2 protein chains.
Amino acid sequence: MDLRIAFMGCGNVGRSFIAMVAEKQAELWEQEGLRLLFSAGMTRSRGGWVLPEGITAQGLLACGWPQADAPLPPGARRFEGSDLSYAATCPSDVLLELTTLEPMSGQPATDYIRAALEHRRHVVTANKGPIAHYYWVLRALAASHGVALRFESTVMDGTPIFNLKEFSLPVTRVKGFRGLLNGTSNYVLATMAAGSTLDEAVAGAQRMGIAEANPGFDLEGWDASVKASVLARVLMDADLRPPDVVRDGLGAQAMRAAHEALTSGHALKQLVEAARDADGGVSATVRLAALPADDPLARLKAGETGLTLHTDTMDDLTWIEGNGGTGQTAFGVLADVVTIARQYYTRKAPPP
Amino acid sequence: MDLRIAFMGCGNVGRSFIAMVAEKQAELWEQEGLRLLFSAGMTRSRGGWVLPEGITAQGLLACGWPQADAPLPPGARRFEGSDLSYAATCPSDVLLELTTLEPMSGQPATDYIRAALEHRRHVVTANKGPIAHYYWVLRALAASHGVALRFESTVMDGTPIFNLKEFSLPVTRVKGFRGLLNGTSNYVLATMAAGSTLDEAVAGAQRMGIAEANPGFDLEGWDASVKASVLARVLMDADLRPPDVVRDGLGAQAMRAAHEALTSGHALKQLVEAARDADGGVSATVRLAALPADDPLARLKAGETGLTLHTDTMDDLTWIEGNGGTGQTAFGVLADVVTIARQYYTRKAPPP
């Protein structure tokens, strides 16, 4: 079975995705009866192209795509319309929405997703803004058009969280959660614990490509707030927008002060917590917390993230992702594509 | 949709399962369109009964079942045949194989499972012996008869491991794993770390119902060996029998000596490790290991278990189960039953 993939944006995650598909194509065919073909691409720097019959990941790599100076894939023609008309009309079964994050508004990614769903394209996104802000609307839109909207990679890269809930935790209520979800904050705090100053730790994170030039979005808890909103919406069916998440005592000054005040045997972490209120709603906070050593989240190293789900069936389940990055995010996108193939298409048996 | 469940054995896990189904029946119906009915039961102390039209979990609880002095469920008749003929012929869609563990042979549970599969009954088991010893044979038998064999609860209670691999980690190779899989050993070692002697810690585990009267099966690493075999067989497609797992320096004497020799900042744990060899096979060991404090498995508390999967797609993923017990094991059985319903039966929409 062939599934045609269109890109919307192709930065580091997109590049990792193409490389992973090239590497895994034989296993996708043997285990899933699935061949992935790339039938359209749109990047900010190079505009769009379409190739209705599609090209394999190996073919894309062979012609140098997605490097900025690569020629169009053989046989492809330029797409001259707007980004929105691309999302709506480019030849594809699945649109991968991988544009640059604008997490506080969820735009323009939400409009792209909406256009694709309305034109009966499945959508996979690694973009947490649209899910945090418009999950209910987009979910309803996907359902009414008979297509899928999947977003495993929005929290903890590709670590199975939403797929876990859907496929492996039936009739389970998530009563709350707590986690260390922001990689930059975890890196900076773990590095400070090892003796660095805050500025040294931030500079180190920037050198490693973990932190943005302006790390405020991470250190002040906005990234964690958006992720908390996604988790609360999807796992707890809560109407919790990112600004509804209480951010308490964060930022550089607070981190320095809390680091000074830390008592022995404790670890300072940027902790996300969410719980259901007496009225049935969900409250969430992001704050600096001094965790005792026997807390499963206390010992997370730089580079690790973690999430504990409080459930009514399994009590506490904790995930620790050991080494997140764009490769893991790309895997979450691939897992979502495979799930769409399993759920919406009849599998053709591989040749004998 | 109705699914008829037959019990084979009904101890603590079976009791928890009935209670969970009674509690979750409304959600099973609303979310899965599924009604579970109990159509046969067989316990060592009370023999067997059959009731082809089935009875709800609430109905079973109302008549006192599975307590030893409870009457037969209303309308049920005694089953007079052998255990094996019960497994083969009792009226049911799914046999729950929950008999007492004989992990080193996998019998008689394996014969019950085989009989049920051959007569086109789906099987869910919490019994790790049959999977460790006969997984390939039983898997082939299930496939050739068009039915399911599921066993999520054989390792770390109901923590999604096998379901995770099947549904959320497509085209992923598990290159190896390491874990603390034996609850009794973890309890005893964590309690010794807090100042108890080995004998006090074992007595405490026995009082809490964690450890058997003879804790050797746990402390000498046999339980962990069987679990390592199940993980290696299912996740790594390896022909690794429990006796193939190297057990190194275990037992009470070794635990006392290793505890004495422990250096500060380290934690003593019964560690399972498995890796693929150069020749494509899989080697596994169970041993006492002094883990440094920043090892994700070093800080597991008494009552917790943990497993790190080394994968080619997600690097290291670590599960920590916070509070395992028969309720969690029962949930794994229920998750397997729901998966069978999803995979093999057409869902009937709940009434409006």
# chains A, B, ... in the order shown; residues from 1 in each chain; ligands from 1
call {"tool": "interface_residues", "arguments": {"of": "chain A", "to": "chain B", "cutoff": "6 Å", "atoms": "only C-alpha atoms", "output": "list in words"}}
result
Glu27, Asn163, Ser168, Val171, Met314, Asp316, Leu317, Thr318, Trp319, Ile320, Glu321, Gly322 and Gln328 of chain A
call {"tool": "write_last_selection", "arguments": {"atoms": "all heavy atoms", "output": "short mmCIF file (atom, residue, chain, number, x, y, z; two decimals), in the first residue's frame"}}
result
data_model
loop_
_atom_site.label_atom_id
_atom_site.label_comp_id
_atom_site.auth_asym_id
_atom_site.auth_seq_id
_atom_site.Cartn_x
_atom_site.Cartn_y
_atom_site.Cartn_z
N GLU A 27 11.58 -2.16 6.53
CA GLU A 27 10.78 -2.67 7.64
C GLU A 27 9.33 -2.18 7.55
O GLU A 27 8.40 -2.90 7.94
CB GLU A 27 11.40 -2.23 8.97
CG GLU A 27 12.59 -3.09 9.36
CD GLU A 27 13.61 -2.32 10.19
OE1 GLU A 27 14.33 -1.47 9.60
OE2 GLU A 27 13.69 -2.57 11.40
N ASN A 163 -0.62 8.00 22.10
CA ASN A 163 -0.84 6.66 21.56
C ASN A 163 -0.97 5.63 22.67
O ASN A 163 -1.77 4.69 22.57
CB ASN A 163 0.30 6.27 20.61
CG ASN A 163 0.28 7.11 19.33
OD1 ASN A 163 -0.78 7.56 18.90
ND2 ASN A 163 1.44 7.31 18.74
N SER A 168 -3.32 1.46 24.78
CA SER A 168 -2.87 0.56 25.84
C SER A 168 -3.44 0.86 27.21
O SER A 168 -3.16 0.13 28.15
CB SER A 168 -1.33 0.58 25.92
OG SER A 168 -0.76 0.21 24.68
N VAL A 171 -10.34 2.45 29.03
CA VAL A 171 -11.23 2.79 30.18
C VAL A 171 -10.46 3.31 31.38
O VAL A 171 -10.86 3.11 32.52
CB VAL A 171 -12.16 1.61 30.59
CG1 VAL A 171 -13.11 1.26 29.46
CG2 VAL A 171 -11.40 0.36 31.03
N MET A 314 -3.94 2.03 36.88
CA MET A 314 -2.56 1.58 37.06
C MET A 314 -1.84 2.36 38.15
O MET A 314 -0.63 2.23 38.30
CB MET A 314 -1.78 1.70 35.74
CG MET A 314 -2.08 0.62 34.71
SD MET A 314 -1.66 -1.05 35.28
CE MET A 314 0.11 -0.90 35.56
N ASP A 316 0.32 5.06 39.61
CA ASP A 316 1.27 5.97 38.97
C ASP A 316 2.14 5.24 37.95
O ASP A 316 2.79 4.25 38.28
CB ASP A 316 2.20 6.60 40.02
CG ASP A 316 1.50 7.67 40.83
OD1 ASP A 316 0.31 7.94 40.56
OD2 ASP A 316 2.14 8.23 41.73
N LEU A 317 2.17 5.77 36.74
CA LEU A 317 3.07 5.28 35.70
C LEU A 317 3.99 6.43 35.31
O LEU A 317 3.50 7.52 35.00
CB LEU A 317 2.28 4.84 34.46
CG LEU A 317 1.59 3.49 34.52
CD1 LEU A 317 0.77 3.29 33.24
CD2 LEU A 317 2.59 2.36 34.68
N THR A 318 5.30 6.19 35.33
CA THR A 318 6.26 7.24 35.01
C THR A 318 7.07 6.88 33.77
O THR A 318 7.62 5.78 33.68
CB THR A 318 7.23 7.45 36.20
OG1 THR A 318 6.47 7.87 37.33
CG2 THR A 318 8.28 8.52 35.87
N TRP A 319 7.11 7.81 32.83
CA TRP A 319 7.94 7.71 31.65
C TRP A 319 9.18 8.56 31.83
O TRP A 319 9.08 9.72 32.21
CB TRP A 319 7.24 8.30 30.44
CG TRP A 319 6.60 7.41 29.44
CD1 TRP A 319 5.43 7.67 28.80
CD2 TRP A 319 7.08 6.19 28.89
NE1 TRP A 319 5.15 6.66 27.91
CE2 TRP A 319 6.15 5.74 27.94
CE3 TRP A 319 8.21 5.40 29.13
CZ2 TRP A 319 6.30 4.56 27.23
CZ3 TRP A 319 8.36 4.22 28.43
CH2 TRP A 319 7.42 3.82 27.49
N ILE A 320 10.34 8.03 31.52
CA ILE A 320 11.55 8.84 31.42
C ILE A 320 12.12 8.66 30.02
O ILE A 320 12.40 7.53 29.59
CB ILE A 320 12.58 8.45 32.49
CG1 ILE A 320 12.01 8.74 33.88
CG2 ILE A 320 13.88 9.25 32.29
CD1 ILE A 320 12.88 8.24 35.02
N GLU A 321 12.25 9.78 29.31
CA GLU A 321 12.86 9.74 27.98
C GLU A 321 14.34 10.07 28.16
O GLU A 321 14.69 11.14 28.66
CB GLU A 321 12.21 10.77 27.05
CG GLU A 321 12.79 10.70 25.64
CD GLU A 321 12.30 11.82 24.73
OE1 GLU A 321 11.75 12.81 25.24
OE2 GLU A 321 12.51 11.69 23.51
N GLY A 322 15.21 9.15 27.75
CA GLY A 322 16.61 9.28 28.08
C GLY A 322 17.39 10.27 27.23
O GLY A 322 18.36 10.85 27.69
N GLN A 328 13.96 11.62 17.74
CA GLN A 328 12.84 11.08 18.50
C GLN A 328 11.53 11.76 18.09
O GLN A 328 10.49 11.12 18.03
CB GLN A 328 13.08 11.24 20.01
CG GLN A 328 14.06 10.23 20.60
CD GLN A 328 15.47 10.40 20.08
OE1 GLN A 328 15.93 11.51 19.85
NE2 GLN A 328 16.18 9.30 19.88
#
call {"tool": "residues_around", "arguments": {"residues": "segment 102-118 of chain B", "least_positions_apart": "5", "cutoff": "8 Å", "atoms": "only C-alpha atoms", "output": "PDB file with all heavy atoms, in the first residue's frame"}}
result
ATOM      1  N   ASP B  83      -9.939 -30.579  33.831  1.00  0.00           N
ATOM      2  CA  ASP B  83      -9.495 -29.204  33.602  1.00  0.00           C
ATOM      3  C   ASP B  83      -9.207 -28.965  32.116  1.00  0.00           C
ATOM      4  O   ASP B  83      -9.538 -27.912  31.564  1.00  0.00           O
ATOM      5  CB  ASP B  83      -8.222 -28.922  34.407  1.00  0.00           C
ATOM      6  CG  ASP B  83      -8.494 -28.854  35.897  1.00  0.00           C
ATOM      7  OD1 ASP B  83      -9.661 -29.077  36.304  1.00  0.00           O
ATOM      8  OD2 ASP B  83      -7.542 -28.578  36.653  1.00  0.00           O
ATOM      9  N   LEU B  84      -8.581 -29.946  31.491  1.00  0.00           N
ATOM     10  CA  LEU B  84      -8.208 -29.776  30.094  1.00  0.00           C
ATOM     11  C   LEU B  84      -9.441 -29.717  29.196  1.00  0.00           C
ATOM     12  O   LEU B  84      -9.486 -28.906  28.254  1.00  0.00           O
ATOM     13  CB  LEU B  84      -7.296 -30.937  29.677  1.00  0.00           C
ATOM     14  CG  LEU B  84      -6.273 -30.667  28.585  1.00  0.00           C
ATOM     15  CD1 LEU B  84      -5.367 -29.503  28.927  1.00  0.00           C
ATOM     16  CD2 LEU B  84      -5.435 -31.921  28.345  1.00  0.00           C
ATOM     17  N   SER B  85     -10.445 -30.532  29.502  1.00  0.00           N
ATOM     18  CA  SER B  85     -11.641 -30.477  28.659  1.00  0.00           C
ATOM     19  C   SER B  85     -12.420 -29.190  28.930  1.00  0.00           C
ATOM     20  O   SER B  85     -13.061 -28.646  28.037  1.00  0.00           O
ATOM     21  CB  SER B  85     -12.518 -31.712  28.866  1.00  0.00           C
ATOM     22  OG  SER B  85     -13.148 -31.659  30.127  1.00  0.00           O
ATOM     23  N   ALA B  87     -10.938 -26.263  29.520  1.00  0.00           N
ATOM     24  CA  ALA B  87     -10.245 -25.246  28.713  1.00  0.00           C
ATOM     25  C   ALA B  87     -10.648 -25.351  27.251  1.00  0.00           C
ATOM     26  O   ALA B  87     -10.769 -24.342  26.549  1.00  0.00           O
ATOM     27  CB  ALA B  87      -8.727 -25.394  28.859  1.00  0.00           C
ATOM     28  N   ALA B  88     -10.875 -26.586  26.788  1.00  0.00           N
ATOM     29  CA  ALA B  88     -11.172 -26.785  25.373  1.00  0.00           C
ATOM     30  C   ALA B  88     -12.634 -26.493  25.037  1.00  0.00           C
ATOM     31  O   ALA B  88     -12.929 -26.005  23.950  1.00  0.00           O
ATOM     32  CB  ALA B  88     -10.837 -28.221  24.971  1.00  0.00           C
ATOM     33  N   THR B  89     -13.547 -26.779  25.963  1.00  0.00           N
ATOM     34  CA  THR B  89     -14.957 -26.821  25.555  1.00  0.00           C
ATOM     35  C   THR B  89     -15.880 -25.874  26.301  1.00  0.00           C
ATOM     36  O   THR B  89     -17.037 -25.730  25.918  1.00  0.00           O
ATOM     37  CB  THR B  89     -15.528 -28.249  25.742  1.00  0.00           C
ATOM     38  OG1 THR B  89     -15.568 -28.530  27.162  1.00  0.00           O
ATOM     39  CG2 THR B  89     -14.673 -29.283  25.039  1.00  0.00           C
ATOM     40  N   LEU B  95     -10.716 -17.226  27.036  1.00  0.00           N
ATOM     41  CA  LEU B  95     -10.328 -17.914  28.263  1.00  0.00           C
ATOM     42  C   LEU B  95      -9.292 -17.069  28.995  1.00  0.00           C
ATOM     43  O   LEU B  95      -8.269 -16.692  28.408  1.00  0.00           O
ATOM     44  CB  LEU B  95      -9.733 -19.290  27.944  1.00  0.00           C
ATOM     45  CG  LEU B  95      -9.340 -20.112  29.189  1.00  0.00           C
ATOM     46  CD1 LEU B  95     -10.579 -20.736  29.825  1.00  0.00           C
ATOM     47  CD2 LEU B  95      -8.322 -21.201  28.841  1.00  0.00           C
ATOM     48  N   GLU B  97      -6.550 -17.375  31.487  1.00  0.00           N
ATOM     49  CA  GLU B  97      -5.731 -18.416  32.118  1.00  0.00           C
ATOM     50  C   GLU B  97      -4.998 -17.761  33.285  1.00  0.00           C
ATOM     51  O   GLU B  97      -4.029 -17.027  33.090  1.00  0.00           O
ATOM     52  CB  GLU B  97      -4.772 -18.991  31.069  1.00  0.00           C
ATOM     53  CG  GLU B  97      -4.259 -20.373  31.417  1.00  0.00           C
ATOM     54  CD  GLU B  97      -3.419 -20.381  32.663  1.00  0.00           C
ATOM     55  OE1 GLU B  97      -2.459 -19.597  32.717  1.00  0.00           O
ATOM     56  OE2 GLU B  97      -3.746 -21.145  33.592  1.00  0.00           O
ATOM     57  N   VAL B 123      -7.135 -16.352  24.145  1.00  0.00           N
ATOM     58  CA  VAL B 123      -6.582 -16.591  25.478  1.00  0.00           C
ATOM     59  C   VAL B 123      -5.881 -15.335  25.974  1.00  0.00           C
ATOM     60  O   VAL B 123      -5.114 -14.703  25.247  1.00  0.00           O
ATOM     61  CB  VAL B 123      -5.576 -17.765  25.475  1.00  0.00           C
ATOM     62  CG1 VAL B 123      -4.866 -17.885  26.835  1.00  0.00           C
ATOM     63  CG2 VAL B 123      -6.275 -19.071  25.126  1.00  0.00           C
ATOM     64  N   ASN B 127       0.175 -15.530  33.226  1.00  0.00           N
ATOM     65  CA  ASN B 127       1.080 -16.590  33.628  1.00  0.00           C
ATOM     66  C   ASN B 127       2.329 -16.525  32.753  1.00  0.00           C
ATOM     67  O   ASN B 127       2.275 -16.788  31.556  1.00  0.00           O
ATOM     68  CB  ASN B 127       0.337 -17.921  33.391  1.00  0.00           C
ATOM     69  CG  ASN B 127       0.601 -18.912  34.476  1.00  0.00           C
ATOM     70  OD1 ASN B 127       1.714 -18.958  34.990  1.00  0.00           O
ATOM     71  ND2 ASN B 127      -0.405 -19.698  34.803  1.00  0.00           N
ATOM     72  N   LYS B 128       3.485 -16.206  33.359  1.00  0.00           N
ATOM     73  CA  LYS B 128       4.661 -15.981  32.514  1.00  0.00           C
ATOM     74  C   LYS B 128       5.343 -17.268  32.068  1.00  0.00           C
ATOM     75  O   LYS B 128       6.075 -17.261  31.071  1.00  0.00           O
ATOM     76  CB  LYS B 128       5.657 -15.050  33.199  1.00  0.00           C
ATOM     77  CG  LYS B 128       6.127 -15.455  34.579  1.00  0.00           C
ATOM     78  CD  LYS B 128       6.944 -14.299  35.183  1.00  0.00           C
ATOM     79  CE  LYS B 128       7.276 -14.556  36.638  1.00  0.00           C
ATOM     80  NZ  LYS B 128       6.080 -14.477  37.528  1.00  0.00           N
ATOM     81  N   GLY B 129       5.111 -18.363  32.776  1.00  0.00           N
ATOM     82  CA  GLY B 129       5.761 -19.616  32.409  1.00  0.00           C
ATOM     83  C   GLY B 129       5.492 -20.044  30.976  1.00  0.00           C
ATOM     84  O   GLY B 129       6.432 -20.313  30.212  1.00  0.00           O
ATOM     85  N   PRO B 130       4.229 -20.115  30.568  1.00  0.00           N
ATOM     86  CA  PRO B 130       3.960 -20.563  29.190  1.00  0.00           C
ATOM     87  C   PRO B 130       4.598 -19.669  28.136  1.00  0.00           C
ATOM     88  O   PRO B 130       5.058 -20.167  27.100  1.00  0.00           O
ATOM     89  CB  PRO B 130       2.422 -20.492  29.105  1.00  0.00           C
ATOM     90  CG  PRO B 130       1.957 -20.659  30.526  1.00  0.00           C
ATOM     91  CD  PRO B 130       2.992 -19.970  31.368  1.00  0.00           C
ATOM     92  N   ILE B 131       4.664 -18.371  28.404  1.00  0.00           N
ATOM     93  CA  ILE B 131       5.244 -17.468  27.403  1.00  0.00           C
ATOM     94  C   ILE B 131       6.764 -17.644  27.379  1.00  0.00           C
ATOM     95  O   ILE B 131       7.388 -17.669  26.315  1.00  0.00           O
ATOM     96  CB  ILE B 131       4.855 -15.999  27.702  1.00  0.00           C
ATOM     97  CG1 ILE B 131       3.332 -15.875  27.872  1.00  0.00           C
ATOM     98  CG2 ILE B 131       5.364 -15.080  26.595  1.00  0.00           C
ATOM     99  CD1 ILE B 131       2.518 -16.318  26.695  1.00  0.00           C
ATOM    100  N   ALA B 132       7.367 -17.771  28.563  1.00  0.00           N
ATOM    101  CA  ALA B 132       8.824 -17.949  28.606  1.00  0.00           C
ATOM    102  C   ALA B 132       9.241 -19.250  27.924  1.00  0.00           C
ATOM    103  O   ALA B 132      10.259 -19.303  27.231  1.00  0.00           O
ATOM    104  CB  ALA B 132       9.313 -17.936  30.058  1.00  0.00           C
ATOM    105  N   HIS B 133       8.451 -20.304  28.099  1.00  0.00           N
ATOM    106  CA  HIS B 133       8.885 -21.618  27.605  1.00  0.00           C
ATOM    107  C   HIS B 133       8.363 -21.939  26.211  1.00  0.00           C
ATOM    108  O   HIS B 133       9.026 -22.651  25.458  1.00  0.00           O
ATOM    109  CB  HIS B 133       8.453 -22.706  28.590  1.00  0.00           C
ATOM    110  CG  HIS B 133       9.185 -22.633  29.895  1.00  0.00           C
ATOM    111  ND1 HIS B 133      10.418 -23.197  30.074  1.00  0.00           N
ATOM    112  CD2 HIS B 133       8.874 -22.012  31.056  1.00  0.00           C
ATOM    113  CE1 HIS B 133      10.835 -22.962  31.311  1.00  0.00           C
ATOM    114  NE2 HIS B 133       9.916 -22.236  31.924  1.00  0.00           N
ATOM    115  N   TYR B 134       7.155 -21.474  25.886  1.00  0.00           N
ATOM    116  CA  TYR B 134       6.501 -21.962  24.661  1.00  0.00           C
ATOM    117  C   TYR B 134       5.949 -20.851  23.782  1.00  0.00           C
ATOM    118  O   TYR B 134       5.003 -21.067  23.039  1.00  0.00           O
ATOM    119  CB  TYR B 134       5.366 -22.940  25.042  1.00  0.00           C
ATOM    120  CG  TYR B 134       5.845 -24.136  25.809  1.00  0.00           C
ATOM    121  CD1 TYR B 134       5.645 -24.228  27.183  1.00  0.00           C
ATOM    122  CD2 TYR B 134       6.521 -25.167  25.158  1.00  0.00           C
ATOM    123  CE1 TYR B 134       6.104 -25.322  27.904  1.00  0.00           C
ATOM    124  CE2 TYR B 134       6.990 -26.268  25.863  1.00  0.00           C
ATOM    125  CZ  TYR B 134       6.781 -26.335  27.237  1.00  0.00           C
ATOM    126  OH  TYR B 134       7.236 -27.416  27.929  1.00  0.00           O
ATOM    127  N   LEU B 138       3.053 -21.368  20.909  1.00  0.00           N
ATOM    128  CA  LEU B 138       1.701 -20.886  21.209  1.00  0.00           C
ATOM    129  C   LEU B 138       1.286 -19.774  20.243  1.00  0.00           C
ATOM    130  O   LEU B 138       0.129 -19.702  19.823  1.00  0.00           O
ATOM    131  CB  LEU B 138       1.633 -20.394  22.661  1.00  0.00           C
ATOM    132  CG  LEU B 138       1.828 -21.497  23.716  1.00  0.00           C
ATOM    133  CD1 LEU B 138       1.883 -20.878  25.118  1.00  0.00           C
ATOM    134  CD2 LEU B 138       0.726 -22.553  23.638  1.00  0.00           C
ATOM    135  N   LEU B 141       0.282 -21.375  17.074  1.00  0.00           N
ATOM    136  CA  LEU B 141      -1.009 -22.054  17.252  1.00  0.00           C
ATOM    137  C   LEU B 141      -2.155 -21.050  17.201  1.00  0.00           C
ATOM    138  O   LEU B 141      -3.182 -21.285  16.543  1.00  0.00           O
ATOM    139  CB  LEU B 141      -0.987 -22.784  18.603  1.00  0.00           C
ATOM    140  CG  LEU B 141      -1.977 -23.908  18.817  1.00  0.00           C
ATOM    141  CD1 LEU B 141      -1.763 -25.024  17.804  1.00  0.00           C
ATOM    142  CD2 LEU B 141      -1.828 -24.442  20.242  1.00  0.00           C
ATOM    143  N   ALA B 142      -1.992 -19.919  17.892  1.00  0.00           N
ATOM    144  CA  ALA B 142      -3.031 -18.885  17.875  1.00  0.00           C
ATOM    145  C   ALA B 142      -3.246 -18.380  16.448  1.00  0.00           C
ATOM    146  O   ALA B 142      -4.389 -18.261  15.981  1.00  0.00           O
ATOM    147  CB  ALA B 142      -2.644 -17.735  18.812  1.00  0.00           C
ATOM    148  N   HIS B 145      -5.119 -20.733  14.162  1.00  0.00           N
ATOM    149  CA  HIS B 145      -6.539 -20.887  14.475  1.00  0.00           C
ATOM    150  C   HIS B 145      -7.285 -19.559  14.450  1.00  0.00           C
ATOM    151  O   HIS B 145      -8.466 -19.500  14.819  1.00  0.00           O
ATOM    152  CB  HIS B 145      -6.715 -21.582  15.826  1.00  0.00           C
ATOM    153  CG  HIS B 145      -6.349 -23.039  15.782  1.00  0.00           C
ATOM    154  ND1 HIS B 145      -5.059 -23.484  15.939  1.00  0.00           N
ATOM    155  CD2 HIS B 145      -7.099 -24.139  15.532  1.00  0.00           C
ATOM    156  CE1 HIS B 145      -5.032 -24.802  15.821  1.00  0.00           C
ATOM    157  NE2 HIS B 145      -6.251 -25.230  15.571  1.00  0.00           N
ATOM    158  N   VAL B 147      -7.033 -16.851  16.274  1.00  0.00           N
ATOM    159  CA  VAL B 147      -7.404 -16.257  17.565  1.00  0.00           C
ATOM    160  C   VAL B 147      -6.189 -15.579  18.198  1.00  0.00           C
ATOM    161  O   VAL B 147      -5.059 -15.699  17.720  1.00  0.00           O
ATOM    162  CB  VAL B 147      -7.980 -17.322  18.536  1.00  0.00           C
ATOM    163  CG1 VAL B 147      -9.353 -17.792  18.066  1.00  0.00           C
ATOM    164  CG2 VAL B 147      -7.012 -18.487  18.692  1.00  0.00           C
ATOM    165  N   ASP B 223      12.571 -15.668  39.385  1.00  0.00           N
ATOM    166  CA  ASP B 223      11.443 -14.869  38.877  1.00  0.00           C
ATOM    167  C   ASP B 223      11.931 -13.906  37.794  1.00  0.00           C
ATOM    168  O   ASP B 223      11.334 -13.805  36.715  1.00  0.00           O
ATOM    169  CB  ASP B 223      10.803 -14.094  40.039  1.00  0.00           C
ATOM    170  CG  ASP B 223       9.714 -13.137  39.571  1.00  0.00           C
ATOM    171  OD1 ASP B 223       8.630 -13.626  39.198  1.00  0.00           O
ATOM    172  OD2 ASP B 223       9.953 -11.921  39.562  1.00  0.00           O
ATOM    173  N   VAL B 226      12.704 -15.656  34.473  1.00  0.00           N
ATOM    174  CA  VAL B 226      11.540 -15.985  33.652  1.00  0.00           C
ATOM    175  C   VAL B 226      11.037 -14.723  32.945  1.00  0.00           C
ATOM    176  O   VAL B 226      10.700 -14.744  31.756  1.00  0.00           O
ATOM    177  CB  VAL B 226      10.436 -16.638  34.504  1.00  0.00           C
ATOM    178  CG1 VAL B 226       9.220 -16.962  33.650  1.00  0.00           C
ATOM    179  CG2 VAL B 226      10.960 -17.915  35.176  1.00  0.00           C
ATOM    180  N   PRO B 242      14.358 -19.564  30.278  1.00  0.00           N
ATOM    181  CA  PRO B 242      14.767 -19.093  31.604  1.00  0.00           C
ATOM    182  C   PRO B 242      16.103 -19.652  32.081  1.00  0.00           C
ATOM    183  O   PRO B 242      16.910 -18.896  32.644  1.00  0.00           O
ATOM    184  CB  PRO B 242      13.594 -19.522  32.493  1.00  0.00           C
ATOM    185  CG  PRO B 242      12.413 -19.484  31.577  1.00  0.00           C
ATOM    186  CD  PRO B 242      12.934 -19.960  30.247  1.00  0.00           C
TER     187      PRO B 242
END
call {"tool": "residues_around", "arguments": {"residues": "Gly9 of chain B", "least_positions_apart": "5", "cutoff": "8 Å", "atoms": "only C-alpha atoms", "output": "number ranges by chain"}}
result
B: 14, 41-44, 97-100
call {"tool": "write_last_selection", "arguments": {"atoms": "all heavy atoms", "output": "short mmCIF file (atom, residue, chain, number, x, y, z; two decimals), in the first residue's frame"}}
result
data_model
loop_
_atom_site.label_atom_id
_atom_site.label_comp_id
_atom_site.auth_asym_id
_atom_site.auth_seq_id
_atom_site.Cartn_x
_atom_site.Cartn_y
_atom_site.Cartn_z
N GLY B 14 -7.92 -12.82 39.70
CA GLY B 14 -9.28 -13.02 39.21
C GLY B 14 -10.30 -12.20 39.99
O GLY B 14 -11.19 -11.57 39.41
N GLY B 41 -16.53 -20.82 34.95
CA GLY B 41 -15.50 -20.61 35.96
C GLY B 41 -14.95 -21.95 36.41
O GLY B 41 -15.65 -22.96 36.42
N MET B 42 -13.67 -21.96 36.74
CA MET B 42 -13.02 -23.19 37.22
C MET B 42 -12.00 -22.76 38.27
O MET B 42 -11.10 -21.98 37.97
CB MET B 42 -12.33 -23.91 36.07
CG MET B 42 -11.41 -25.07 36.47
SD MET B 42 -12.29 -26.52 37.08
CE MET B 42 -12.74 -27.32 35.52
N THR B 43 -12.19 -23.25 39.49
CA THR B 43 -11.18 -22.96 40.52
C THR B 43 -10.81 -24.28 41.16
O THR B 43 -11.59 -25.24 41.18
CB THR B 43 -11.72 -22.01 41.60
OG1 THR B 43 -12.83 -22.61 42.24
CG2 THR B 43 -12.15 -20.68 40.99
N ARG B 44 -9.59 -24.31 41.72
CA ARG B 44 -9.07 -25.54 42.30
C ARG B 44 -9.95 -26.01 43.44
O ARG B 44 -10.24 -27.19 43.57
CB ARG B 44 -7.64 -25.30 42.79
CG ARG B 44 -6.81 -26.52 42.92
CD ARG B 44 -5.34 -26.17 42.99
NE ARG B 44 -5.13 -24.93 43.75
CZ ARG B 44 -3.95 -24.37 43.95
NH1 ARG B 44 -2.87 -24.93 43.45
NH2 ARG B 44 -3.83 -23.26 44.64
N GLU B 97 -6.55 -17.37 31.49
CA GLU B 97 -5.73 -18.42 32.12
C GLU B 97 -5.00 -17.76 33.29
O GLU B 97 -4.03 -17.03 33.09
CB GLU B 97 -4.77 -18.99 31.07
CG GLU B 97 -4.26 -20.37 31.42
CD GLU B 97 -3.42 -20.38 32.66
OE1 GLU B 97 -2.46 -19.60 32.72
OE2 GLU B 97 -3.75 -21.14 33.59
N LEU B 98 -5.50 -18.03 34.51
CA LEU B 98 -4.97 -17.37 35.70
C LEU B 98 -4.64 -18.40 36.78
O LEU B 98 -4.78 -18.14 37.97
CB LEU B 98 -6.00 -16.37 36.26
CG LEU B 98 -6.50 -15.29 35.29
CD1 LEU B 98 -7.62 -14.47 35.92
CD2 LEU B 98 -5.35 -14.37 34.87
N THR B 99 -4.20 -19.59 36.36
CA THR B 99 -3.88 -20.62 37.34
C THR B 99 -2.57 -20.29 38.05
O THR B 99 -1.83 -19.40 37.65
CB THR B 99 -3.74 -22.00 36.67
OG1 THR B 99 -2.69 -21.94 35.70
CG2 THR B 99 -5.03 -22.41 35.98
N THR B 100 -2.30 -21.06 39.10
CA THR B 100 -1.09 -20.85 39.88
C THR B 100 0.14 -21.08 39.01
O THR B 100 0.19 -22.01 38.21
CB THR B 100 -1.07 -21.83 41.07
OG1 THR B 100 -2.29 -21.66 41.78
CG2 THR B 100 0.10 -21.55 41.98
#
